[in-house]
$ cat work33.csv   # CSV, C-alpha atoms
chain,number,residue,atom,x,y,z
A,1,MET,CA,-54.6,-24.1,-137.0
A,2,ASN,CA,-58.0,-25.6,-136.3
A,3,ALA,CA,-60.8,-23.0,-135.6
A,4,LEU,CA,-61.8,-22.5,-132.0
A,5,ASP,CA,-65.2,-23.5,-130.6
A,6,LEU,CA,-67.0,-20.2,-130.3
A,7,ALA,CA,-70.0,-21.9,-128.7
A,8,TYR,CA,-67.8,-23.2,-125.9
A,9,ILE,CA,-66.1,-19.9,-125.4
A,10,ASN,CA,-69.3,-17.8,-125.4
A,11,ARG,CA,-71.1,-20.3,-123.1
A,12,LEU,CA,-68.4,-19.8,-120.4
A,13,ALA,CA,-66.8,-16.4,-121.0
A,14,PRO,CA,-68.0,-13.2,-119.5
A,15,TYR,CA,-67.6,-11.3,-122.8
A,16,LYS,CA,-68.9,-12.3,-126.2
A,17,VAL,CA,-66.2,-13.4,-128.6
A,18,TRP,CA,-66.4,-13.5,-132.4
A,19,THR,CA,-64.0,-14.1,-135.2
A,20,GLU,CA,-63.4,-12.3,-138.5
A,21,ASN,CA,-61.2,-14.9,-140.1
A,22,GLY,CA,-60.8,-18.0,-137.9
A,23,ARG,CA,-57.4,-16.8,-136.5
A,24,ASP,CA,-58.3,-13.5,-134.9
A,25,TYR,CA,-60.9,-13.4,-132.1
A,26,LEU,CA,-62.4,-10.2,-131.0
A,27,ILE,CA,-63.7,-9.1,-127.6
A,28,GLU,CA,-65.5,-5.9,-126.7
A,29,THR,CA,-65.4,-5.0,-123.0
A,30,LYS,CA,-67.8,-3.2,-120.8
A,31,TYR,CA,-65.3,-0.3,-120.9
A,32,ASP,CA,-65.9,0.0,-124.7
A,33,LEU,CA,-62.5,-1.4,-125.5
A,34,LEU,CA,-61.9,-3.8,-128.4
A,35,PHE,CA,-59.3,-6.5,-128.1
A,36,ARG,CA,-58.0,-8.7,-130.9
A,37,ILE,CA,-56.7,-12.1,-129.8
A,38,GLY,CA,-54.6,-13.5,-132.6
A,39,PHE,CA,-52.9,-16.7,-133.5
A,40,MET,CA,-50.2,-16.9,-136.2
A,41,ASP,CA,-48.0,-19.7,-137.3
A,42,ASP,CA,-44.6,-19.4,-135.6
A,43,TYR,CA,-41.6,-21.2,-137.1
A,44,SER,CA,-39.0,-19.5,-134.9
A,45,ILE,CA,-38.2,-22.6,-132.9
A,46,TRP,CA,-40.4,-25.5,-134.1
A,47,PRO,CA,-41.0,-26.3,-137.8
A,48,THR,CA,-44.7,-27.0,-137.1
A,49,GLY,CA,-47.2,-26.9,-134.3
A,50,ALA,CA,-46.3,-23.6,-132.7
A,51,TYR,CA,-48.5,-20.5,-132.8
A,52,GLN,CA,-47.7,-16.9,-131.7
A,53,PHE,CA,-50.5,-15.7,-129.5
A,54,THR,CA,-51.1,-12.0,-129.4
A,55,ILE,CA,-53.4,-9.6,-127.4
A,56,ASN,CA,-53.9,-6.2,-129.1
A,57,ASN,CA,-55.9,-3.3,-127.8
A,58,GLU,CA,-57.4,-2.2,-131.1
A,59,ARG,CA,-58.6,1.2,-129.8
A,60,ASN,CA,-55.3,2.0,-128.1
A,61,GLN,CA,-57.1,3.3,-125.0
A,62,PRO,CA,-56.0,2.7,-121.4
A,63,SER,CA,-57.4,-0.5,-120.1
A,64,PRO,CA,-58.5,-0.8,-116.5
A,65,ASN,CA,-58.0,-3.9,-114.5
A,66,ASP,CA,-60.7,-6.2,-115.9
A,67,ASP,CA,-61.2,-9.7,-114.5
A,68,ASP,CA,-63.8,-10.4,-117.2
A,69,LEU,CA,-61.3,-9.7,-119.9
A,70,LYS,CA,-58.8,-12.1,-118.2
A,71,ALA,CA,-61.5,-14.8,-117.9
A,72,THR,CA,-62.5,-14.4,-121.5
A,73,ILE,CA,-58.8,-14.6,-122.7
A,74,PHE,CA,-58.3,-17.8,-120.8
A,75,ARG,CA,-61.5,-19.4,-122.2
A,76,ILE,CA,-59.9,-18.6,-125.6
A,77,ILE,CA,-56.7,-20.3,-124.6
A,78,GLU,CA,-58.6,-23.3,-123.3
A,79,ALA,CA,-60.5,-23.5,-126.6
A,80,PHE,CA,-57.2,-23.2,-128.5
A,81,PHE,CA,-55.7,-26.2,-126.7
A,82,ALA,CA,-59.0,-28.2,-127.0
A,83,SER,CA,-58.7,-28.1,-130.9
A,84,ASN,CA,-54.9,-27.6,-131.3
A,85,PRO,CA,-52.7,-29.7,-129.0
A,86,ASP,CA,-49.8,-27.5,-129.9
A,87,ILE,CA,-47.6,-24.8,-128.5
A,88,LEU,CA,-48.4,-21.1,-127.8
A,89,LEU,CA,-45.8,-18.4,-127.7
A,90,TYR,CA,-47.0,-15.2,-126.1
A,91,ILE,CA,-44.9,-12.2,-127.3
A,92,CYS,CA,-45.6,-8.9,-125.7
A,93,GLU,CA,-46.1,-5.9,-128.0
A,94,THR,CA,-43.1,-3.5,-128.0
A,95,GLY,CA,-44.5,-0.5,-129.9
A,96,ASP,CA,-45.1,1.7,-126.8
A,97,GLY,CA,-42.4,0.5,-124.4
A,98,LYS,CA,-44.9,-1.1,-122.0
A,99,GLN,CA,-43.9,-4.7,-122.8
A,100,ALA,CA,-42.5,-5.3,-119.3
A,101,PHE,CA,-45.8,-4.2,-117.8
A,102,ARG,CA,-47.7,-6.5,-120.2
A,103,SER,CA,-45.5,-9.4,-119.3
A,104,ARG,CA,-46.0,-9.0,-115.6
A,105,LEU,CA,-49.8,-8.6,-116.0
A,106,PHE,CA,-50.0,-11.8,-118.1
A,107,VAL,CA,-47.9,-13.7,-115.6
A,108,ARG,CA,-50.1,-12.5,-112.8
A,109,TRP,CA,-53.3,-13.4,-114.8
A,110,PHE,CA,-51.9,-16.9,-115.5
A,111,ASN,CA,-50.9,-17.5,-111.9
A,112,SER,CA,-54.5,-16.6,-110.7
A,113,TYR,CA,-56.1,-18.7,-113.5
A,114,ALA,CA,-58.0,-21.6,-112.0
A,115,GLY,CA,-57.0,-24.0,-114.8
A,116,ARG,CA,-53.3,-23.2,-114.7
A,117,ASP,CA,-52.4,-26.7,-113.4
A,118,ALA,CA,-53.1,-28.2,-116.8
A,119,TYR,CA,-50.3,-26.1,-118.4
A,120,ILE,CA,-46.7,-25.1,-118.1
A,121,MET,CA,-45.8,-21.5,-118.7
A,122,GLU,CA,-42.1,-20.6,-119.1
A,123,THR,CA,-41.2,-16.9,-119.4
A,124,ALA,CA,-38.2,-15.2,-121.0
A,125,GLU,CA,-36.7,-11.8,-121.5
A,126,VAL,CA,-34.4,-11.1,-124.4
A,127,GLN,CA,-32.6,-7.9,-125.1
A,128,ASP,CA,-32.6,-6.9,-128.8
A,129,GLY,CA,-30.5,-3.7,-129.2
A,130,ASN,CA,-32.3,-1.2,-127.1
A,131,THR,CA,-35.6,-3.2,-126.9
A,132,ARG,CA,-36.4,-5.6,-124.1
A,133,ASN,CA,-38.6,-8.4,-125.5
A,134,PHE,CA,-40.8,-10.5,-123.3
A,135,ALA,CA,-42.2,-13.9,-124.2
A,136,ALA,CA,-43.9,-16.8,-122.7
A,137,LEU,CA,-44.3,-20.4,-123.7
A,138,ILE,CA,-47.6,-22.1,-122.9
A,139,VAL,CA,-47.9,-25.8,-123.4
A,140,GLN,CA,-50.2,-28.5,-122.0
A,141,LYS,CA,-48.6,-30.8,-119.4
A,142,SER,CA,-50.3,-33.6,-121.3
A,143,ASN,CA,-48.3,-32.9,-124.4
A,144,PRO,CA,-46.3,-36.0,-125.3
A,145,ARG,CA,-43.4,-33.9,-126.4
A,146,LEU,CA,-43.4,-31.7,-123.3
A,147,LYS,CA,-39.8,-32.3,-122.2
A,148,GLU,CA,-38.5,-31.8,-125.7
A,149,ILE,CA,-40.5,-28.6,-126.1
A,150,LEU,CA,-39.2,-27.1,-122.9
A,151,THR,CA,-35.6,-28.0,-123.7
A,152,GLU,CA,-35.8,-26.5,-127.2
A,153,PHE,CA,-37.4,-23.3,-125.8
A,154,ASP,CA,-34.7,-23.0,-123.0
A,155,GLU,CA,-31.9,-23.6,-125.5
A,156,THR,CA,-33.3,-21.0,-128.0
A,157,ILE,CA,-33.7,-18.4,-125.2
A,158,SER,CA,-30.1,-19.2,-124.0
A,159,ILE,CA,-28.8,-18.6,-127.5
A,160,LEU,CA,-30.7,-15.3,-127.9
A,161,THR,CA,-29.7,-14.0,-124.5
A,162,ASN,CA,-26.0,-14.9,-125.0
A,163,LYS,CA,-25.6,-13.7,-128.6
A,164,PRO,CA,-22.7,-11.3,-129.1
A,165,ASN,CA,-23.5,-7.6,-129.6
A,166,GLU,CA,-23.3,-6.7,-133.3
$ encode --input "work33.csv" --output "structure tokens"
Amino acid sequence: MNALDLAYINRLAPYKVWTENGRDYLIETKYDLLFRIGFMDDYSIWPTGAYQFTINNERNQPSPNDDDLKATIFRIIEAFFASNPDILLYICETGDGKQAFRSRLFVRWFNSYAGRDAYIMETAEVQDGNTRNFAALIVQKSNPRLKEILTEFDETISILTNKPNE
């Protein structure tokens, strides 16, 4: 993955963003919360060019509704696509059972994001044993493989949602 342009992000984002390793980007909010935005290679559907996008509340403290955090996260997403014309898979954290809430919040954020018309976001819910997993695919509409990417995502989700119980 190519590093994100921190100068671009910090020029436009309400919160200052910094990186520790070029793949994790940190945001400290006015509520004294620390968020880690991560990008990891993801080979679950595509052999190359897909990254898992994560949002982690590093201090595990309740987070109030924060439009500045939302705006900063979307500046990071814009910077990702500016230097990586690839695929993002957003997987909601399942550790505390609040993944459905996180998914709804991210979808609401995306739907209110001014630049959303440049992207397609597809969401999915997959049951894995007793755990409900929520994911979203984010891809630029200008991606030359857009139709193929959407088809592969839909087929993979279909397989996962229709797999027999073990």
$ closest_residue --input "work33.csv" --among "A:Asn133, A:Ser142, A:Asn57, A:Ser158" --to "Thr29 in chain A" --atoms "only C-alpha atoms"
A:Asn57
$ closest_atom_pairs --input "work33.csv" --of "range 31-70 of chain A" --to "range 84-103 of chain A" --cutoff "12 Å" --atoms "all atoms listed in the file" --output "Markdown table"
| residue | atom | partner | partner_atom | distance |
| --- | --- | --- | --- | --- |
| A:Ile37 | CA | A:Tyr90 | CA | 10.8 |
| A:Gly38 | CA | A:Tyr90 | CA | 10.1 |
| A:Phe39 | CA | A:Leu88 | CA | 8.5 |
| A:Met40 | CA | A:Leu88 | CA | 9.6 |
| A:Asp41 | CA | A:Leu88 | CA | 9.6 |
| A:Asp42 | CA | A:Leu89 | CA | 8.1 |
| A:Tyr43 | CA | A:Leu89 | CA | 10.7 |
| A:Ser44 | CA | A:Leu89 | CA | 10.0 |
| A:Ile45 | CA | A:Leu89 | CA | 10.1 |
| A:Trp46 | CA | A:Ile87 | CA | 9.1 |
| A:Pro47 | CA | A:Ile87 | CA | 11.5 |
| A:Thr48 | CA | A:Asp86 | CA | 8.8 |
| A:Gly49 | CA | A:Asp86 | CA | 5.1 |
| A:Ala50 | CA | A:Ile87 | CA | 4.6 |
| A:Tyr51 | CA | A:Leu88 | CA | 5.0 |
| A:Gln52 | CA | A:Leu89 | CA | 4.7 |
| A:Phe53 | CA | A:Tyr90 | CA | 4.9 |
| A:Thr54 | CA | A:Tyr90 | CA | 6.2 |
| A:Ile55 | CA | A:Cys92 | CA | 8.0 |
| A:Asn56 | CA | A:Glu93 | CA | 7.9 |
| A:Asn57 | CA | A:Glu93 | CA | 10.1 |
| A:Asn60 | CA | A:Asp96 | CA | 10.3 |
| A:Pro62 | CA | A:Lys98 | CA | 11.7 |
| A:Ser63 | CA | A:Arg102 | CA | 11.4 |
$ closest_atom_pairs --input "work33.csv" --of "range 62-164 of chain A" --to "range 2-9 of chain A" --cutoff "10 Å" --atoms "all atoms listed in the file" --output "tab-separated table"
residue	atom	partner	partner_atom	distance
A:Thr72	CA	A:Ile9	CA	7.6
A:Ile73	CA	A:Ile9	CA	9.4
A:Phe74	CA	A:Ile9	CA	9.3
A:Arg75	CA	A:Ile9	CA	5.6
A:Ile76	CA	A:Ile9	CA	6.3
A:Ile77	CA	A:Leu4	CA	9.3
A:Glu78	CA	A:Ile9	CA	8.5
A:Ala79	CA	A:Leu4	CA	5.6
A:Phe80	CA	A:Leu4	CA	5.8
A:Phe81	CA	A:Leu4	CA	8.9
A:Ala82	CA	A:Leu4	CA	8.1
A:Ser83	CA	A:Asn2	CA	6.0
A:Asn84	CA	A:Asn2	CA	6.2
A:Pro85	CA	A:Asn2	CA	9.9
$ write_last_selection --input "work33.csv" --atoms "C-alpha atoms" --output "mmCIF file, keeping the file's coordinate frame"
data_model
loop_
_atom_site.group_PDB
_atom_site.id
_atom_site.type_symbol
_atom_site.label_atom_id
_atom_site.label_comp_id
_atom_site.auth_asym_id
_atom_site.auth_seq_id
_atom_site.Cartn_x
_atom_site.Cartn_y
_atom_site.Cartn_z
ATOM 1 C CA THR A 72 -62.500 -14.400 -121.500
ATOM 2 C CA ILE A 73 -58.800 -14.600 -122.700
ATOM 3 C CA PHE A 74 -58.300 -17.800 -120.800
ATOM 4 C CA ARG A 75 -61.500 -19.400 -122.200
ATOM 5 C CA ILE A 76 -59.900 -18.600 -125.600
ATOM 6 C CA ILE A 77 -56.700 -20.300 -124.600
ATOM 7 C CA GLU A 78 -58.600 -23.300 -123.300
ATOM 8 C CA ALA A 79 -60.500 -23.500 -126.600
ATOM 9 C CA PHE A 80 -57.200 -23.200 -128.500
ATOM 10 C CA PHE A 81 -55.700 -26.200 -126.700
ATOM 11 C CA ALA A 82 -59.000 -28.200 -127.000
ATOM 12 C CA SER A 83 -58.700 -28.100 -130.900
ATOM 13 C CA ASN A 84 -54.900 -27.600 -131.300
ATOM 14 C CA PRO A 85 -52.700 -29.700 -129.000
#
$ residues_around --input "work33.csv" --residues "Pro14 in chain A" --least-positions-apart "4" --cutoff "8 Å" --atoms "all atoms listed in the file" --output "NGL selection string"
:A and (10 or 68-69 or 71-72)
$ residues_around --input "work33.csv" --residues "Tyr25 in chain A" --least-positions-apart "4" --cutoff "8 Å" --atoms "all atoms listed in the file" --output "ChimeraX atom specification"
/A:17-20,36-38
$ atom_distance --input "work33.csv" --atom1 "CA of Val139 in chain A" --atom2 "CA of Met121 in chain A"
6.7 Å
$ closest_residue --input "work33.csv" --among "A:Pro144, A:Ser112, A:Lys16, A:Thr123" --to "Ile157 in chain A" --atoms "all atoms listed in the file"
A:Thr123
$ atom_distance --input "work33.csv" --atom1 "CA of Gln127 in chain A" --atom2 "CA of Thr151 in chain A"
20.4 Å
$ atom_distance --input "work33.csv" --atom1 "CA of Lys30 in chain A" --atom2 "CA of Trp109 in chain A"
18.7 Å
$ residues_around --input "work33.csv" --residues "Arg59 in chain A" --least-positions-apart "4" --cutoff "8 Å" --atoms "all atoms listed in the file" --output "MDAnalysis selection string"
chainID A and resid 33:35
$ residues_around --input "work33.csv" --residues "Ile120 in chain A" --least-positions-apart "2" --cutoff "12 Å" --atoms "only C-alpha atoms" --output "list in words"
Ile87, Leu88, Leu89, Val107, Phe110, Asn111, Gly115, Arg116, Asp117, Ala118, Glu122, Thr123, Ala136, Leu137, Ile138, Val139, Gln140, Lys141, Ser142, Asn143, Leu146, Lys147, Ile149 and Leu150 of chain A
$ build_atoms --input "work33.csv" --residues "range 39-52 of chain A" --atoms "N, CA, C and O atoms" --output "PDB file, in the frame of the given file"
ATOM      1  N   PHE A  39     -53.757 -15.543-133.479  1.00  0.00           N
ATOM      2  CA  PHE A  39     -52.900 -16.700-133.500  1.00  0.00           C
ATOM      3  C   PHE A  39     -52.263 -16.793-134.890  1.00  0.00           C
ATOM      4  O   PHE A  39     -52.935 -16.789-135.915  1.00  0.00           O
ATOM      5  N   MET A  40     -50.934 -16.799-134.901  1.00  0.00           N
ATOM      6  CA  MET A  40     -50.200 -16.900-136.200  1.00  0.00           C
ATOM      7  C   MET A  40     -49.206 -18.028-136.083  1.00  0.00           C
ATOM      8  O   MET A  40     -48.634 -18.300-135.027  1.00  0.00           O
ATOM      9  N   ASP A  41     -49.004 -18.696-137.214  1.00  0.00           N
ATOM     10  CA  ASP A  41     -48.000 -19.700-137.300  1.00  0.00           C
ATOM     11  C   ASP A  41     -46.655 -19.137-136.837  1.00  0.00           C
ATOM     12  O   ASP A  41     -46.324 -18.018-137.220  1.00  0.00           O
ATOM     13  N   ASP A  42     -45.899 -19.862-136.049  1.00  0.00           N
ATOM     14  CA  ASP A  42     -44.600 -19.400-135.600  1.00  0.00           C
ATOM     15  C   ASP A  42     -43.581 -20.508-135.859  1.00  0.00           C
ATOM     16  O   ASP A  42     -43.690 -21.594-135.293  1.00  0.00           O
ATOM     17  N   TYR A  43     -42.629 -20.228-136.705  1.00  0.00           N
ATOM     18  CA  TYR A  43     -41.600 -21.200-137.100  1.00  0.00           C
ATOM     19  C   TYR A  43     -40.250 -20.865-136.460  1.00  0.00           C
ATOM     20  O   TYR A  43     -39.229 -21.401-136.868  1.00  0.00           O
ATOM     21  N   SER A  44     -40.222 -19.967-135.472  1.00  0.00           N
ATOM     22  CA  SER A  44     -39.000 -19.500-134.900  1.00  0.00           C
ATOM     23  C   SER A  44     -38.175 -20.589-134.183  1.00  0.00           C
ATOM     24  O   SER A  44     -36.956 -20.559-134.147  1.00  0.00           O
ATOM     25  N   ILE A  45     -38.868 -21.561-133.588  1.00  0.00           N
ATOM     26  CA  ILE A  45     -38.200 -22.600-132.900  1.00  0.00           C
ATOM     27  C   ILE A  45     -38.567 -23.997-133.425  1.00  0.00           C
ATOM     28  O   ILE A  45     -37.707 -24.846-133.626  1.00  0.00           O
ATOM     29  N   TRP A  46     -39.853 -24.209-133.689  1.00  0.00           N
ATOM     30  CA  TRP A  46     -40.400 -25.500-134.100  1.00  0.00           C
ATOM     31  C   TRP A  46     -40.839 -25.387-135.580  1.00  0.00           C
ATOM     32  O   TRP A  46     -41.463 -24.396-135.963  1.00  0.00           O
ATOM     33  N   PRO A  47     -40.591 -26.405-136.413  1.00  0.00           N
ATOM     34  CA  PRO A  47     -41.000 -26.300-137.800  1.00  0.00           C
ATOM     35  C   PRO A  47     -42.520 -26.380-138.005  1.00  0.00           C
ATOM     36  O   PRO A  47     -43.042 -25.878-138.996  1.00  0.00           O
ATOM     37  N   THR A  48     -43.236 -26.971-137.063  1.00  0.00           N
ATOM     38  CA  THR A  48     -44.700 -27.000-137.100  1.00  0.00           C
ATOM     39  C   THR A  48     -45.259 -27.054-135.713  1.00  0.00           C
ATOM     40  O   THR A  48     -44.546 -27.366-134.756  1.00  0.00           O
ATOM     41  N   GLY A  49     -46.548 -26.742-135.595  1.00  0.00           N
ATOM     42  CA  GLY A  49     -47.200 -26.900-134.300  1.00  0.00           C
ATOM     43  C   GLY A  49     -47.035 -25.849-133.291  1.00  0.00           C
ATOM     44  O   GLY A  49     -47.368 -26.054-132.130  1.00  0.00           O
ATOM     45  N   ALA A  50     -46.504 -24.689-133.680  1.00  0.00           N
ATOM     46  CA  ALA A  50     -46.300 -23.600-132.700  1.00  0.00           C
ATOM     47  C   ALA A  50     -47.055 -22.363-133.283  1.00  0.00           C
ATOM     48  O   ALA A  50     -47.006 -22.092-134.490  1.00  0.00           O
ATOM     49  N   TYR A  51     -47.699 -21.650-132.381  1.00  0.00           N
ATOM     50  CA  TYR A  51     -48.500 -20.500-132.800  1.00  0.00           C
ATOM     51  C   TYR A  51     -48.103 -19.309-131.862  1.00  0.00           C
ATOM     52  O   TYR A  51     -47.996 -19.474-130.647  1.00  0.00           O
ATOM     53  N   GLN A  52     -47.923 -18.160-132.459  1.00  0.00           N
ATOM     54  CA  GLN A  52     -47.700 -16.900-131.700  1.00  0.00           C
ATOM     55  C   GLN A  52     -49.101 -16.424-131.300  1.00  0.00           C
ATOM     56  O   GLN A  52     -49.998 -16.303-132.136  1.00  0.00           O
TER      57      GLN A  52
END
